[in-house]
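upload_10.cif (mmCIF, N, CA and C atoms) appears below.
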data_input
loop_
_atom_site.group_PDB
_atom_site.id
_atom_site.type_symbol
_atom_site.label_atom_id
_atom_site.label_comp_id
_atom_site.auth_asym_id
_atom_site.auth_seq_id
_atom_site.Cartn_x
_atom_site.Cartn_y
_atom_site.Cartn_z
ATOM 1 N N MET A 1 10.724 127.238 90.873
ATOM 2 C CA MET A 1 11.062 126.380 89.757
ATOM 3 C C MET A 1 12.156 125.422 90.224
ATOM 4 N N ASN A 2 11.976 124.144 89.937
ATOM 5 C CA ASN A 2 12.974 123.135 90.278
ATOM 6 C C ASN A 2 13.654 122.694 88.988
ATOM 7 N N ILE A 3 14.951 122.958 88.895
ATOM 8 C CA ILE A 3 15.719 122.650 87.689
ATOM 9 C C ILE A 3 16.724 121.562 88.035
ATOM 10 N N GLU A 4 16.717 120.497 87.236
ATOM 11 C CA GLU A 4 17.664 119.409 87.443
ATOM 12 C C GLU A 4 18.498 119.218 86.186
ATOM 13 N N VAL A 5 19.795 119.089 86.382
ATOM 14 C CA VAL A 5 20.715 118.761 85.301
ATOM 15 C C VAL A 5 21.108 117.308 85.516
ATOM 16 N N LEU A 6 20.726 116.458 84.566
ATOM 17 C CA LEU A 6 21.002 115.030 84.670
ATOM 18 C C LEU A 6 22.253 114.693 83.883
ATOM 19 N N GLY A 7 23.197 114.028 84.535
ATOM 20 C CA GLY A 7 24.410 113.635 83.844
ATOM 21 C C GLY A 7 25.431 113.077 84.800
ATOM 22 N N THR A 8 26.310 112.264 84.274
ATOM 23 C CA THR A 8 27.278 111.558 85.104
ATOM 24 C C THR A 8 28.577 112.320 85.305
ATOM 25 N N GLY A 9 28.714 113.465 84.684
ATOM 26 C CA GLY A 9 29.922 114.264 84.898
ATOM 27 C C GLY A 9 30.778 114.471 83.668
ATOM 28 N N CYS A 10 30.299 114.084 82.507
ATOM 29 C CA CYS A 10 31.069 114.298 81.277
ATOM 30 C C CYS A 10 31.185 115.798 80.992
ATOM 31 N N SER A 11 31.992 116.164 80.027
ATOM 32 C CA SER A 11 32.200 117.587 79.741
ATOM 33 C C SER A 11 30.912 118.270 79.289
ATOM 34 N N SER A 12 30.073 117.580 78.538
ATOM 35 C CA SER A 12 28.802 118.174 78.110
ATOM 36 C C SER A 12 27.877 118.411 79.307
ATOM 37 N N CYS A 13 27.904 117.487 80.252
ATOM 38 C CA CYS A 13 27.088 117.636 81.468
ATOM 39 C C CYS A 13 27.558 118.836 82.276
ATOM 40 N N GLN A 14 28.856 118.993 82.380
ATOM 41 C CA GLN A 14 29.418 120.125 83.105
ATOM 42 C C GLN A 14 29.093 121.436 82.406
ATOM 43 N N THR A 15 29.146 121.425 81.077
ATOM 44 C CA THR A 15 28.810 122.615 80.299
ATOM 45 C C THR A 15 27.358 123.015 80.532
ATOM 46 N N LEU A 16 26.459 122.043 80.490
ATOM 47 C CA LEU A 16 25.045 122.334 80.709
ATOM 48 C C LEU A 16 24.820 122.907 82.105
ATOM 49 N N GLU A 17 25.433 122.307 83.102
ATOM 50 C CA GLU A 17 25.261 122.790 84.468
ATOM 51 C C GLU A 17 25.747 124.238 84.602
ATOM 52 N N THR A 18 26.904 124.535 84.021
ATOM 53 C CA THR A 18 27.454 125.889 84.071
ATOM 54 C C THR A 18 26.529 126.879 83.379
ATOM 55 N N ARG A 19 26.023 126.513 82.216
ATOM 56 C CA ARG A 19 25.126 127.409 81.475
ATOM 57 C C ARG A 19 23.820 127.643 82.228
ATOM 58 N N VAL A 20 23.259 126.589 82.795
ATOM 59 C CA VAL A 20 22.004 126.726 83.547
ATOM 60 C C VAL A 20 22.211 127.656 84.737
ATOM 61 N N GLN A 21 23.296 127.459 85.477
ATOM 62 C CA GLN A 21 23.594 128.317 86.621
ATOM 63 C C GLN A 21 23.707 129.780 86.173
ATOM 64 N N ARG A 22 24.376 129.983 85.046
ATOM 65 C CA ARG A 22 24.562 131.342 84.523
ATOM 66 C C ARG A 22 23.225 131.996 84.182
ATOM 67 N N VAL A 23 22.361 131.269 83.496
ATOM 68 C CA VAL A 23 21.055 131.806 83.104
ATOM 69 C C VAL A 23 20.212 132.122 84.342
ATOM 70 N N VAL A 24 20.206 131.215 85.307
ATOM 71 C CA VAL A 24 19.420 131.418 86.527
ATOM 72 C C VAL A 24 19.905 132.665 87.268
ATOM 73 N N GLU A 25 21.229 132.809 87.386
ATOM 74 C CA GLU A 25 21.786 133.963 88.089
ATOM 75 C C GLU A 25 21.575 135.259 87.311
ATOM 76 N N ASP A 26 21.869 135.244 86.014
ATOM 77 C CA ASP A 26 21.751 136.454 85.197
ATOM 78 C C ASP A 26 20.318 136.963 85.118
ATOM 79 N N ALA A 27 19.363 136.030 85.052
ATOM 80 C CA ALA A 27 17.955 136.417 84.930
ATOM 81 C C ALA A 27 17.288 136.538 86.299
ATOM 82 N N ASP A 28 18.039 136.260 87.350
ATOM 83 C CA ASP A 28 17.522 136.323 88.719
ATOM 84 C C ASP A 28 16.231 135.501 88.846
ATOM 85 N N LEU A 29 16.287 134.278 88.317
ATOM 86 C CA LEU A 29 15.128 133.389 88.371
ATOM 87 C C LEU A 29 14.960 132.826 89.775
ATOM 88 N N ASP A 30 13.725 132.644 90.169
ATOM 89 C CA ASP A 30 13.425 132.043 91.458
ATOM 90 C C ASP A 30 13.358 130.537 91.267
ATOM 91 N N GLY A 31 14.454 129.876 91.559
ATOM 92 C CA GLY A 31 14.483 128.433 91.395
ATOM 93 C C GLY A 31 15.738 127.837 91.958
ATOM 94 N N THR A 32 15.741 126.527 92.034
ATOM 95 C CA THR A 32 16.917 125.806 92.505
ATOM 96 C C THR A 32 17.456 124.945 91.377
ATOM 97 N N VAL A 33 18.770 124.811 91.357
ATOM 98 C CA VAL A 33 19.427 123.973 90.359
ATOM 99 C C VAL A 33 20.092 122.826 91.099
ATOM 100 N N GLU A 34 19.770 121.616 90.661
ATOM 101 C CA GLU A 34 20.319 120.420 91.287
ATOM 102 C C GLU A 34 20.995 119.571 90.225
ATOM 103 N N LYS A 35 22.178 119.066 90.527
ATOM 104 C CA LYS A 35 22.893 118.164 89.628
ATOM 105 C C LYS A 35 22.573 116.740 90.058
ATOM 106 N N VAL A 36 22.077 115.918 89.141
ATOM 107 C CA VAL A 36 21.719 114.529 89.429
ATOM 108 C C VAL A 36 22.678 113.625 88.651
ATOM 109 N N GLU A 37 23.486 112.856 89.377
ATOM 110 C CA GLU A 37 24.459 111.979 88.742
ATOM 111 C C GLU A 37 24.117 110.502 88.893
ATOM 112 N N ASP A 38 23.178 110.167 89.755
ATOM 113 C CA ASP A 38 22.787 108.779 90.015
ATOM 114 C C ASP A 38 22.004 108.230 88.823
ATOM 115 N N MET A 39 22.544 107.177 88.192
ATOM 116 C CA MET A 39 21.907 106.618 86.996
ATOM 117 C C MET A 39 20.493 106.105 87.279
ATOM 118 N N GLN A 40 20.237 105.598 88.455
ATOM 119 C CA GLN A 40 18.888 105.140 88.797
ATOM 120 C C GLN A 40 17.904 106.311 88.756
ATOM 121 N N GLU A 41 18.323 107.454 89.289
ATOM 122 C CA GLU A 41 17.469 108.646 89.275
ATOM 123 C C GLU A 41 17.281 109.160 87.849
ATOM 124 N N ILE A 42 18.342 109.152 87.073
ATOM 125 C CA ILE A 42 18.270 109.609 85.681
ATOM 126 C C ILE A 42 17.307 108.732 84.885
ATOM 127 N N MET A 43 17.367 107.425 85.089
ATOM 128 C CA MET A 43 16.516 106.492 84.357
ATOM 129 C C MET A 43 15.037 106.673 84.700
ATOM 130 N N LYS A 44 14.736 107.187 85.871
ATOM 131 C CA LYS A 44 13.337 107.430 86.247
ATOM 132 C C LYS A 44 12.662 108.408 85.301
ATOM 133 N N TYR A 45 13.455 109.259 84.655
ATOM 134 C CA TYR A 45 12.907 110.227 83.702
ATOM 135 C C TYR A 45 12.823 109.662 82.290
ATOM 136 N N GLY A 46 13.322 108.455 82.082
ATOM 137 C CA GLY A 46 13.303 107.853 80.759
ATOM 138 C C GLY A 46 14.357 108.428 79.833
ATOM 139 N N VAL A 47 15.327 109.115 80.389
ATOM 140 C CA VAL A 47 16.395 109.725 79.603
ATOM 141 C C VAL A 47 17.406 108.653 79.215
ATOM 142 N N MET A 48 17.677 108.565 77.927
ATOM 143 C CA MET A 48 18.605 107.549 77.439
ATOM 144 C C MET A 48 19.978 108.134 77.106
ATOM 145 N N SER A 49 20.054 109.451 76.941
ATOM 146 C CA SER A 49 21.359 110.070 76.688
ATOM 147 C C SER A 49 21.438 111.374 77.470
ATOM 148 N N THR A 50 22.596 111.588 78.037
ATOM 149 C CA THR A 50 22.828 112.786 78.839
ATOM 150 C C THR A 50 23.780 113.708 78.094
ATOM 151 N N PRO A 51 23.808 114.969 78.456
ATOM 152 C CA PRO A 51 23.111 115.593 79.567
ATOM 153 C C PRO A 51 21.638 115.812 79.254
ATOM 154 N N ALA A 52 20.876 115.992 80.311
ATOM 155 C CA ALA A 52 19.456 116.288 80.149
ATOM 156 C C ALA A 52 19.075 117.400 81.110
ATOM 157 N N LEU A 53 18.068 118.158 80.713
ATOM 158 C CA LEU A 53 17.556 119.248 81.525
ATOM 159 C C LEU A 53 16.112 118.939 81.874
ATOM 160 N N VAL A 54 15.816 118.973 83.174
ATOM 161 C CA VAL A 54 14.467 118.717 83.667
ATOM 162 C C VAL A 54 14.008 119.954 84.422
ATOM 163 N N VAL A 55 12.839 120.470 84.056
ATOM 164 C CA VAL A 55 12.276 121.638 84.730
ATOM 165 C C VAL A 55 10.926 121.240 85.306
ATOM 166 N N ASP A 56 10.811 121.370 86.615
ATOM 167 C CA ASP A 56 9.579 121.019 87.327
ATOM 168 C C ASP A 56 9.069 119.632 86.928
ATOM 169 N N GLY A 57 10.002 118.674 86.841
ATOM 170 C CA GLY A 57 9.641 117.290 86.573
ATOM 171 C C GLY A 57 9.462 116.924 85.112
ATOM 172 N N GLU A 58 9.611 117.891 84.214
ATOM 173 C CA GLU A 58 9.425 117.649 82.777
ATOM 174 C C GLU A 58 10.760 117.752 82.043
ATOM 175 N N VAL A 59 11.091 116.710 81.259
ATOM 176 C CA VAL A 59 12.325 116.727 80.483
ATOM 177 C C VAL A 59 12.179 117.747 79.353
ATOM 178 N N LYS A 60 13.079 118.723 79.355
ATOM 179 C CA LYS A 60 13.046 119.781 78.336
ATOM 180 C C LYS A 60 14.076 119.569 77.236
ATOM 181 N N SER A 61 15.145 118.850 77.568
ATOM 182 C CA SER A 61 16.216 118.623 76.605
ATOM 183 C C SER A 61 17.008 117.406 77.039
ATOM 184 N N SER A 62 17.509 116.635 76.064
ATOM 185 C CA SER A 62 18.406 115.527 76.407
ATOM 186 C C SER A 62 19.353 115.250 75.251
ATOM 187 N N GLY A 63 20.523 114.741 75.620
ATOM 188 C CA GLY A 63 21.507 114.356 74.618
ATOM 189 C C GLY A 63 22.407 115.465 74.128
ATOM 190 N N ARG A 64 22.233 116.676 74.673
ATOM 191 C CA ARG A 64 23.069 117.796 74.240
ATOM 192 C C ARG A 64 22.993 118.914 75.281
ATOM 193 N N ALA A 65 23.892 119.870 75.144
ATOM 194 C CA ALA A 65 23.889 121.035 76.022
ATOM 195 C C ALA A 65 23.372 122.226 75.215
ATOM 196 N N PRO A 66 22.113 122.624 75.421
ATOM 197 C CA PRO A 66 21.555 123.760 74.680
ATOM 198 C C PRO A 66 22.375 125.030 74.906
ATOM 199 N N SER A 67 22.304 125.924 73.936
ATOM 200 C CA SER A 67 23.000 127.207 74.059
ATOM 201 C C SER A 67 22.382 128.028 75.183
ATOM 202 N N VAL A 68 23.074 129.083 75.580
ATOM 203 C CA VAL A 68 22.559 129.974 76.620
ATOM 204 C C VAL A 68 21.212 130.555 76.191
ATOM 205 N N GLN A 69 21.089 130.958 74.937
ATOM 206 C CA GLN A 69 19.826 131.530 74.461
ATOM 207 C C GLN A 69 18.701 130.492 74.497
ATOM 208 N N GLU A 70 18.988 129.269 74.094
ATOM 209 C CA GLU A 70 17.980 128.204 74.171
ATOM 210 C C GLU A 70 17.547 127.968 75.603
ATOM 211 N N LEU A 71 18.507 128.001 76.525
ATOM 212 C CA LEU A 71 18.184 127.809 77.938
ATOM 213 C C LEU A 71 17.309 128.938 78.463
ATOM 214 N N LYS A 72 17.616 130.163 78.024
ATOM 215 C CA LYS A 72 16.771 131.296 78.432
ATOM 216 C C LYS A 72 15.339 131.062 77.982
ATOM 217 N N ASP A 73 15.166 130.578 76.771
ATOM 218 C CA ASP A 73 13.826 130.306 76.249
ATOM 219 C C ASP A 73 13.148 129.170 77.034
ATOM 220 N N LEU A 74 13.893 128.113 77.303
ATOM 221 C CA LEU A 74 13.341 126.968 78.012
ATOM 222 C C LEU A 74 12.956 127.314 79.461
ATOM 223 N N LEU A 75 13.715 128.217 80.058
ATOM 224 C CA LEU A 75 13.497 128.577 81.452
ATOM 225 C C LEU A 75 12.631 129.828 81.623
ATOM 226 N N GLY A 76 12.245 130.422 80.508
ATOM 227 C CA GLY A 76 11.400 131.619 80.573
ATOM 228 C C GLY A 76 12.134 132.821 81.116
ATOM 229 N N ALA A 77 13.416 132.893 80.805
ATOM 230 C CA ALA A 77 14.239 134.010 81.307
ATOM 231 C C ALA A 77 14.220 135.185 80.356
#
Step by step, read the file and then write its structure as structure tokens.
Amino acid sequence: MNIEVLGTGCSSCQTLETRVQRVVEDADLDGTVEKVEDMQEIMKYGVMSTPALVVDGEVKSSGRAPSVQELKDLLGA
């Protein structure tokens, strides 16, 4: 599973990245987590507000940092 956290570094982006890392580690998911801060790369997904969560190339969430439980559901943990 390829997980990308899209965001320029705001507090919400940092929160999302921390939560995603926690869920991946706690659930022992087989995947990689990548932080994408380049606006050109973010725009390729059509995301207009960050933070955003992309799983295997599909935008799952944008404009907010989902709760840990929501992330577990989104990531199948």
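Secondary structure by DSSP on the backbone puts the following residues of chain A in strand (DSSP E or B): Asn2, Ile3, Glu4, Val5, Leu6, Thr32, Val33, Glu34, Lys35, Val36, Ala52, Leu53, Val54, Val55, Glu58, Val59, Lys60, Ser61 and Ser62 of chain A.
Across the model, the gap from atom C of Met48 of chain A to atom CA of Gly63 of chain A is 6.9 Å.
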**Prompt:** Quick one: residues within 12 Å of Gly46 of chain A, only C-alpha atoms counted, chain neighbours fewer than 2 positions away excluded, as a ChimeraX atom specification?
**Reply:** /A:6,39-44,48-50,52,54,57-59,61-62
**Request:** Using the chain letters and numbering of this document, enumerate as an NGL selection string the residues selected by the PyMOL selection byres (((chain A and resi 9-23 and name CA) around 9) and name CA).
**Result:** :A and (3-8 or 24-29 or 33-35 or 37 or 50-53 or 63-69 or 71-72 or 75 or 77)
Let me know the centre plus edge lengths, in Å and rounded to one decimal, of a box with edges along x, y and z that contains all listed atoms of segment 72-77 of chain A and is padded by 3 Å on every side, as JSON.
{"center_x": 14.5, "center_y": 131.1, "center_z": 78.9, "size_x": 12.2, "size_y": 14.2, "size_z": 11.4}
